[in-house]
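Pasting work21.pdb here (PDB, C-alpha atoms and all ligand atoms):
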```pdb
ATOM      1  CA  MET A   1    -127.708  36.684  20.144
ATOM      2  CA  LEU A   2    -129.794  39.503  21.598
ATOM      3  CA  VAL A   3    -131.660  41.883  19.258
ATOM      4  CA  VAL A   4    -132.887  45.076  20.917
ATOM      5  CA  GLY A   5    -135.497  47.059  18.966
ATOM      6  CA  ALA A   6    -136.498  43.837  17.212
ATOM      7  CA  THR A   7    -140.080  44.944  16.503
ATOM      8  CA  GLY A   8    -139.015  47.870  14.289
ATOM      9  CA  GLY A   9    -138.189  48.149  10.601
ATOM     10  CA  VAL A  10    -134.551  47.155  11.121
ATOM     11  CA  GLY A  11    -135.357  44.387  13.596
ATOM     12  CA  THR A  12    -138.077  42.694  11.569
ATOM     13  CA  ALA A  13    -135.757  42.585   8.539
ATOM     14  CA  LEU A  14    -132.896  41.236  10.626
ATOM     15  CA  ILE A  15    -134.629  38.466  12.592
ATOM     16  CA  PRO A  16    -135.385  36.201   9.569
ATOM     17  CA  LEU A  17    -131.801  36.620   8.345
ATOM     18  CA  LEU A  18    -130.393  35.616  11.723
ATOM     19  CA  ALA A  19    -132.798  32.694  11.945
ATOM     20  CA  ALA A  20    -131.735  31.539   8.460
ATOM     21  CA  ALA A  21    -128.120  31.687   9.668
ATOM     22  CA  ARG A  22    -129.203  29.437  12.580
ATOM     23  CA  ALA A  23    -128.384  31.956  15.284
ATOM     24  CA  HIS A  24    -130.243  31.526  18.562
ATOM     25  CA  VAL A  25    -132.191  34.789  18.601
ATOM     26  CA  ILE A  26    -133.490  36.492  21.735
ATOM     27  CA  ALA A  27    -135.598  39.491  20.704
ATOM     28  CA  THR A  28    -137.127  42.374  22.648
ATOM     29  CA  ALA A  29    -140.901  42.696  22.313
ATOM     30  CA  THR A  30    -143.996  43.765  24.175
ATOM     31  CA  ASP A  31    -146.422  40.937  24.973
ATOM     32  CA  GLY A  32    -148.643  41.810  22.013
ATOM     33  CA  ASP A  33    -145.750  41.632  19.531
ATOM     34  CA  ALA A  34    -144.060  38.453  20.779
ATOM     35  CA  GLU A  35    -146.009  36.103  18.522
ATOM     36  CA  VAL A  36    -145.109  38.020  15.354
ATOM     37  CA  LEU A  37    -141.424  37.957  16.259
ATOM     38  CA  ARG A  38    -141.513  34.236  16.892
ATOM     39  CA  ALA A  39    -143.151  33.762  13.480
ATOM     40  CA  LEU A  40    -140.275  35.761  11.970
ATOM     41  CA  GLY A  41    -137.775  33.397  13.563
ATOM     42  CA  ALA A  42    -136.999  34.592  17.108
ATOM     43  CA  ASP A  43    -136.371  31.718  19.535
ATOM     44  CA  GLU A  44    -137.202  33.734  22.639
ATOM     45  CA  THR A  45    -138.678  37.136  23.397
ATOM     46  CA  ILE A  46    -137.990  39.346  26.409
ATOM     47  CA  GLY A  47    -139.373  42.660  27.680
ATOM     48  CA  TYR A  48    -137.780  46.122  27.405
ATOM     49  CA  ARG A  49    -136.417  46.415  30.954
ATOM     50  CA  ALA A  50    -132.680  46.059  31.493
ATOM     51  CA  SER A  51    -133.495  43.457  34.146
ATOM     52  CA  ASP A  52    -135.029  41.290  31.365
ATOM     53  CA  ASP A  53    -131.703  41.114  29.490
ATOM     54  CA  PRO A  54    -129.968  37.734  29.370
ATOM     55  CA  ALA A  55    -126.346  37.313  30.478
ATOM     56  CA  ASP A  56    -123.271  36.075  28.602
ATOM     57  CA  VAL A  57    -124.629  36.410  25.073
ATOM     58  CA  ASP A  58    -122.177  36.325  22.145
ATOM     59  CA  VAL A  59    -123.635  39.239  20.188
ATOM     60  CA  VAL A  60    -125.960  42.142  20.935
ATOM     61  CA  VAL A  61    -127.526  44.063  18.044
ATOM     62  CA  ASN A  62    -128.961  47.422  19.042
ATOM     63  CA  ALA A  63    -131.587  48.905  16.705
ATOM     64  CA  VAL A  64    -133.184  51.418  19.029
ATOM     65  CA  LEU A  65    -131.313  52.642  22.106
ATOM     66  CA  PRO A  66    -129.210  55.808  21.932
ATOM     67  CA  GLY A  67    -125.475  55.803  22.677
ATOM     68  CA  ASP A  68    -125.824  56.765  26.327
ATOM     69  CA  ARG A  69    -127.747  53.543  26.983
ATOM     70  CA  LEU A  70    -125.292  51.183  25.313
ATOM     71  CA  SER A  71    -123.511  50.419  28.580
ATOM     72  CA  VAL A  72    -126.642  48.628  29.763
ATOM     73  CA  LEU A  73    -126.578  46.409  26.677
ATOM     74  CA  ALA A  74    -122.833  45.798  26.962
ATOM     75  CA  ARG A  75    -123.431  44.181  30.331
ATOM     76  CA  ALA A  76    -125.358  41.363  28.625
ATOM     77  CA  LEU A  77    -122.282  40.291  26.613
ATOM     78  CA  ARG A  78    -119.834  37.568  27.470
ATOM     79  CA  PRO A  79    -116.160  38.638  27.585
ATOM     80  CA  GLY A  80    -115.002  38.952  23.969
ATOM     81  CA  GLY A  81    -118.590  39.376  22.741
ATOM     82  CA  ARG A  82    -119.676  41.856  20.066
ATOM     83  CA  LEU A  83    -121.952  44.867  20.308
ATOM     84  CA  LEU A  84    -123.314  46.031  16.951
ATOM     85  CA  THR A  85    -125.318  49.227  16.916
ATOM     86  CA  VAL A  86    -127.056  51.179  14.153
ATOM     87  CA  THR A  87    -128.202  54.281  16.044
ATOM     88  CA  HIS A  88    -126.562  57.676  16.131
ATOM     89  CA  PRO A  89    -124.445  59.164  17.564
ATOM     90  CA  VAL A  90    -121.566  56.946  16.502
ATOM     91  CA  PRO A  91    -120.657  55.191  19.758
ATOM     92  CA  THR A  92    -117.329  55.475  21.547
ATOM     93  CA  THR A  93    -115.684  53.011  23.923
ATOM     94  CA  GLU A  94    -116.445  55.423  26.788
ATOM     95  CA  MET A  95    -120.187  55.151  26.047
ATOM     96  CA  VAL A  96    -120.003  51.391  26.374
ATOM     97  CA  GLY A  97    -118.215  51.591  29.706
ATOM     98  CA  ARG A  98    -116.640  48.189  29.414
ATOM     99  CA  ASP A  99    -113.385  46.679  28.106
ATOM    100  CA  GLY A 100    -112.962  43.291  26.500
ATOM    101  CA  ILE A 101    -115.779  43.475  23.966
ATOM    102  CA  GLU A 102    -115.914  44.509  20.300
ATOM    103  CA  LEU A 103    -117.930  47.570  19.377
ATOM    104  CA  HIS A 104    -119.169  48.163  15.825
ATOM    105  CA  PHE A 105    -121.282  50.950  14.389
ATOM    106  CA  VAL A 106    -122.980  49.488  11.343
ATOM    107  CA  ILE A 107    -124.334  51.372   8.344
ATOM    108  CA  GLY A 108    -126.488  49.417   5.944
ATOM    109  CA  LEU A 109    -126.271  45.764   6.881
ATOM    110  CA  ASP A 110    -122.574  45.022   7.037
ATOM    111  CA  VAL A 111    -120.708  48.177   6.213
ATOM    112  CA  VAL A 112    -118.618  49.347   9.137
ATOM    113  CA  LEU A 113    -118.278  53.132   9.309
ATOM    114  CA  GLY A 114    -115.125  54.326   7.582
ATOM    115  CA  ASP A 115    -115.227  51.703   4.849
ATOM    116  CA  MET A 116    -118.137  52.276   2.513
ATOM    117  CA  ARG A 117    -116.541  50.436  -0.399
ATOM    118  CA  ASP A 118    -117.865  46.986   0.377
ATOM    119  CA  MET A 119    -121.600  46.986  -0.288
ATOM    120  CA  ARG A 120    -121.661  43.236  -0.986
ATOM    121  CA  GLY A 121    -123.969  42.596   1.968
ATOM    122  CA  MET A 122    -126.604  44.976   0.619
ATOM    123  CA  ARG A 123    -126.427  43.277  -2.777
ATOM    124  CA  ASP A 124    -126.894  39.871  -1.116
ATOM    125  CA  ILE A 125    -129.949  41.223   0.696
ATOM    126  CA  GLY A 126    -131.410  42.633  -2.524
ATOM    127  CA  GLU A 127    -130.895  39.326  -4.317
ATOM    128  CA  ALA A 128    -132.461  37.364  -1.446
ATOM    129  CA  ALA A 129    -135.505  39.666  -1.649
ATOM    130  CA  GLU A 130    -135.746  39.144  -5.419
ATOM    131  CA  ARG A 131    -135.662  35.371  -4.920
ATOM    132  CA  GLY A 132    -138.514  35.733  -2.420
ATOM    133  CA  GLU A 133    -136.377  34.472   0.496
ATOM    134  CA  LEU A 134    -136.591  37.748   2.365
ATOM    135  CA  ARG A 135    -140.040  39.214   2.858
ATOM    136  CA  ALA A 136    -140.866  42.661   4.169
ATOM    137  CA  THR A 137    -143.049  42.847   7.265
ATOM    138  CA  ILE A 138    -145.958  45.050   6.219
ATOM    139  CA  GLY A 139    -147.969  46.775   8.924
ATOM    140  CA  ARG A 140    -150.797  48.337   6.954
ATOM    141  CA  ARG A 141    -151.580  48.836   3.263
ATOM    142  CA  TYR A 142    -152.967  52.050   1.838
ATOM    143  CA  ARG A 143    -154.221  52.979  -1.617
ATOM    144  CA  LEU A 144    -152.371  55.765  -3.380
ATOM    145  CA  ASP A 145    -155.191  58.242  -2.670
ATOM    146  CA  GLU A 146    -154.829  57.417   1.055
ATOM    147  CA  GLY A 147    -151.217  58.676   1.068
ATOM    148  CA  PRO A 148    -151.867  61.608   3.452
ATOM    149  CA  ARG A 149    -153.648  59.245   5.889
ATOM    150  CA  ALA A 150    -150.647  56.864   5.735
ATOM    151  CA  CYS A 151    -148.290  59.725   6.645
ATOM    152  CA  VAL A 152    -150.485  60.870   9.537
ATOM    153  CA  ASP A 153    -150.887  57.312  10.899
ATOM    154  CA  PHE A 154    -147.131  56.725  10.676
ATOM    155  CA  CYS A 155    -146.270  59.964  12.487
ATOM    156  CA  LEU A 156    -148.864  59.323  15.196
ATOM    157  CA  SER A 157    -147.572  55.808  15.759
ATOM    158  CA  VAL A 158    -143.953  57.009  16.044
ATOM    159  CA  TRP A 159    -144.568  60.084  18.180
ATOM    160  CA  LEU A 160    -147.527  59.006  20.273
ATOM    161  CA  VAL A 161    -146.968  55.234  20.159
ATOM    162  CA  ALA A 162    -150.674  54.907  19.356
ATOM    163  CA  GLY A 163    -152.223  52.321  17.070
ATOM    164  CA  ARG A 164    -148.840  50.967  16.014
ATOM    165  CA  ASP A 165    -148.621  47.913  13.737
ATOM    166  CA  ILE A 166    -145.447  45.850  13.480
ATOM    167  CA  GLY A 167    -143.976  46.487  10.048
ATOM    168  CA  ARG A 168    -143.919  49.287   7.554
ATOM    169  CA  PRO A 169    -146.895  51.086   5.993
ATOM    170  CA  VAL A 170    -147.120  50.402   2.269
ATOM    171  CA  LEU A 171    -148.742  52.541  -0.383
ATOM    172  CA  SER A 172    -150.150  50.379  -3.196
ATOM    173  CA  LEU A 173    -150.150  51.659  -6.750
ATOM    174  CA  ILE A 174    -153.297  49.759  -7.714
ATOM    175  CA  ARG A 175    -154.608  51.005 -11.043
ATOM    176  CA  ASN A 176    -158.165  52.145 -10.713
ATOM    177  CA  ALA A 177    -160.069  55.330 -11.528
ATOM    178  CA  ALA A 178    -159.319  56.969  -8.154
ATOM    179  CA  THR A 179    -155.554  56.302  -8.244
ATOM    180  CA  ARG A 180    -155.361  57.424 -11.895
ATOM    181  CA  ARG A 181    -156.988  60.734 -10.896
ATOM    182  CA  VAL A 182    -154.546  61.193  -7.970
ATOM    183  CA  ALA A 183    -151.553  60.339 -10.156
ATOM    184  CA  ALA A 184    -152.734  62.743 -12.858
ATOM    185  CA  ARG A 185    -153.142  65.542 -10.265
ATOM    186  CA  GLN A 186    -149.670  64.908  -8.824
ATOM    187  CA  LEU A 187    -148.028  64.865 -12.259
ATOM    188  CA  SER A 188    -149.753  68.037 -13.515
TER     189      SER A 188
HETATM  190  N1  LIG B 201    -127.152  52.695  10.570
HETATM  191  C1  LIG B 201    -128.026  52.421   9.627
HETATM  192  O1  LIG B 201    -127.688  52.082   8.492
HETATM  193  C2  LIG B 201    -129.491  52.511   9.930
HETATM  194  C3  LIG B 201    -130.440  52.092   9.007
HETATM  195  C4  LIG B 201    -131.791  52.162   9.330
HETATM  196  C5  LIG B 201    -132.162  52.660  10.574
HETATM  197  N2  LIG B 201    -131.219  53.096  11.456
HETATM  198  C6  LIG B 201    -131.585  53.556  12.798
HETATM  199  O2  LIG B 201    -132.052  52.411  13.479
HETATM  200  C7  LIG B 201    -133.009  52.778  14.451
HETATM  201  C8  LIG B 201    -134.233  51.914  14.291
HETATM  202  O3  LIG B 201    -134.853  52.162  13.036
HETATM  203  P1  LIG B 201    -136.242  51.472  12.699
HETATM  204  O4  LIG B 201    -136.628  51.972  11.377
HETATM  205  O5  LIG B 201    -136.132  49.996  12.939
HETATM  206  O6  LIG B 201    -137.163  52.151  13.829
HETATM  207  P2  LIG B 201    -138.603  51.711  14.324
HETATM  208  O7  LIG B 201    -139.323  51.008  13.231
HETATM  209  O8  LIG B 201    -139.212  52.918  14.963
HETATM  210  O9  LIG B 201    -138.268  50.616  15.433
HETATM  211  C9  LIG B 201    -137.873  50.874  16.738
HETATM  212  C10 LIG B 201    -138.476  49.738  17.570
HETATM  213  O10 LIG B 201    -137.881  49.750  18.855
HETATM  214  C11 LIG B 201    -138.887  49.414  19.795
HETATM  215  N3  LIG B 201    -138.496  49.953  21.103
HETATM  216  C12 LIG B 201    -138.758  51.188  21.637
HETATM  217  N4  LIG B 201    -138.181  51.300  22.839
HETATM  218  C13 LIG B 201    -137.553  50.112  23.070
HETATM  219  C14 LIG B 201    -136.794  49.616  24.160
HETATM  220  N5  LIG B 201    -136.521  50.358  25.240
HETATM  221  N6  LIG B 201    -136.299  48.349  24.074
HETATM  222  C15 LIG B 201    -136.533  47.588  22.991
HETATM  223  N7  LIG B 201    -137.259  47.999  21.921
HETATM  224  C16 LIG B 201    -137.764  49.259  21.979
HETATM  225  C17 LIG B 201    -140.147  50.058  19.240
HETATM  226  O11 LIG B 201    -141.250  49.301  19.677
HETATM  227  P3  LIG B 201    -142.488  49.983  20.471
HETATM  228  O12 LIG B 201    -143.390  50.501  19.418
HETATM  229  O13 LIG B 201    -143.047  48.823  21.243
HETATM  230  O14 LIG B 201    -141.954  51.086  21.326
HETATM  231  C18 LIG B 201    -139.978  49.886  17.733
HETATM  232  O15 LIG B 201    -140.592  48.725  17.252
HETATM  233  C19 LIG B 201    -133.250  54.285  14.238
HETATM  234  O16 LIG B 201    -132.503  54.990  15.209
HETATM  235  C20 LIG B 201    -132.729  54.543  12.840
HETATM  236  O17 LIG B 201    -132.268  55.868  12.702
HETATM  237  C21 LIG B 201    -129.897  53.021  11.151
END
```
Rewrite the coordinates I just gave you, this time as structure tokens.
Ligand SMILES: NC(=O)c1ccc[n+]([C@@H]2O[C@H](COP(=O)([O-])OP(=O)(O)OC[C@H]3O[C@@H](n4cnc5c(N)ncnc54)[C@H](OP(=O)(O)O)[C@@H]3O)[C@@H](O)[C@H]2O)c1
Amino acid sequence: MLVVGATGGVGTALIPLLAAARAHVIATATDGDAEVLRALGADETIGYRASDDPADVDVVVNAVLPGDRLSVLARALRPGGRLLTVTHPVPTTEMVGRDGIELHFVIGLDVVLGDMRDMRGMRDIGEAAERGELRATIGRRYRLDEGPRACVDFCLSVWLVAGRDIGRPVLSLIRNAATRRVAARQLS
């Protein structure tokens, strides 16, 4: 199974789940991020170039490339393989440019567009997190009074790809005099 965009928020949540399901996971990563992905459960890491992609994989999960680049990913699949993608726009068969594979646009973790009734997968994920089996990958922690800095760092890392950490920024609600003052200001 190939996971493209594996270093992001979606990818870092997905890799441990796939590893727990005993899938053989090939994940995209830059050299600096490869070790973290292996620790999360990836068996192999590859670079971002199309020429790095493996051939004849059973499943490709796309968590980053836009629809007009899905045809590149579809080429990595074996006949009858499955391409799951989470990015907009909702993909069409024409975008994939290949017959003989399954194409799924996924919302949430297992809800296929058009049928939002079955949220069982999301419940399973929530319960796994509560049991401590699924851990969030945290990039950087901020105190509550550092909220504006957290927003600026996040935007810079997304738009300028500068100083990026794998994982999400987290704002901690630690109770101390400074955070009480900030909370009081925000509530007034
Ligand atoms: N359908 C849904 O329910 C759903 C839910 C959540 C998110 N999404 C969508 O899923 C996408 C990903 O969300 P996210 O929160 O995981 O984003 P994210 O945290 O920004 O992750 C994107 C990752 O892709 C990597 N990347 C960039 N270019 C790449 C390339 N050419 N090949 C491989 N990896 C590459 C980036 O790494 P670098 O920093 O090294 O560039 C980054 O780690 C977004 O489009 C979001 O809108 C959909």
Quiz item: Residues within 8 Å of ligand LIG 201 (chain B) (all atoms listed in the file), as an MDAnalysis selection string?
Solution: chainID A and resid 4:12 28:30 33 47:49 63:66 85:88 105:109 157:158 161 164 166:168
Counting only C-alpha atoms, what are the residues of range 40-150 of chain A within 12 Å of range 18-21 of chain A, and for each of them which pair of atoms is the nearest and at what distance in Å, to one decimal? Sort the table by chain and rising number, as a tab-separated table.
```
residue	atom	partner	partner_atom	distance
A:Leu40	CA	A:Ala19	CA	8.1
A:Gly41	CA	A:Ala19	CA	5.3
A:Ala42	CA	A:Ala19	CA	6.9
A:Asp43	CA	A:Ala19	CA	8.4
A:Glu44	CA	A:Ala19	CA	11.6
A:Val59	CA	A:Leu18	CA	11.4
A:Val61	CA	A:Leu18	CA	10.9
A:Leu109	CA	A:Leu18	CA	12.0
A:Ala128	CA	A:Ala20	CA	11.5
A:Glu133	CA	A:Ala20	CA	9.7
A:Leu134	CA	A:Ala20	CA	10.0
```
Quiz item: Just how far from CA of Arg75 in chain A is CA of Asp56 in chain A, in Å to one decimal?
Solution: 8.3 Å
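CA of Ala50 in chain A is positioned 17.1 Å from CA of Val25 in chain A.
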Practice problem: Taking the file as shown, find all residues satisfying the PyMOL selection byres (((chain A and resi 93) around 12) and not hetatm) and write them as a ChimeraX atom specification. | Solution: /A:67-68,70-71,74,83,90-92,94-105
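Distances here use all atoms listed in the file; by that measure, the residue among A:Asp145, A:Asp58, A:Asp165, A:Glu130 closest to His24 in chain A is A:Asp58.
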Exercise. Give the answer as one residue: which of A:Leu144, A:Ala27, A:Ala129, A:Cys155 has the shortest atom-to-atom distance to Ile15 in chain A, using all atoms listed in the file?
Key: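 The closest residue to Ile15 in chain A is A:Ala27.
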Extending 3 Å beyond the listed atoms of range 35-43 of chain A on each side, what axis-aligned box results? I want centre and edge lengths in Å to one decimal, as JSON.
```
{"center_x": -141.2, "center_y": 34.9, "center_z": 15.8, "size_x": 15.6, "size_y": 12.3, "size_z": 13.6}
```
Quiz item: What is the distance between CA of Ile26 in chain A and CA of Asp52 in chain A, in Å to one decimal?
Solution: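 Between these atoms lies a distance of 10.9 Å.
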Practice problem: Report the residues retrieved by the PyMOL selection byres (((chain A and resi 146) around 12) and not hetatm) from the displayed file, expressed as a VMD selection string. | Solution: chain A and resid 140 to 145 147 to 153 169 to 174 178 to 179 182
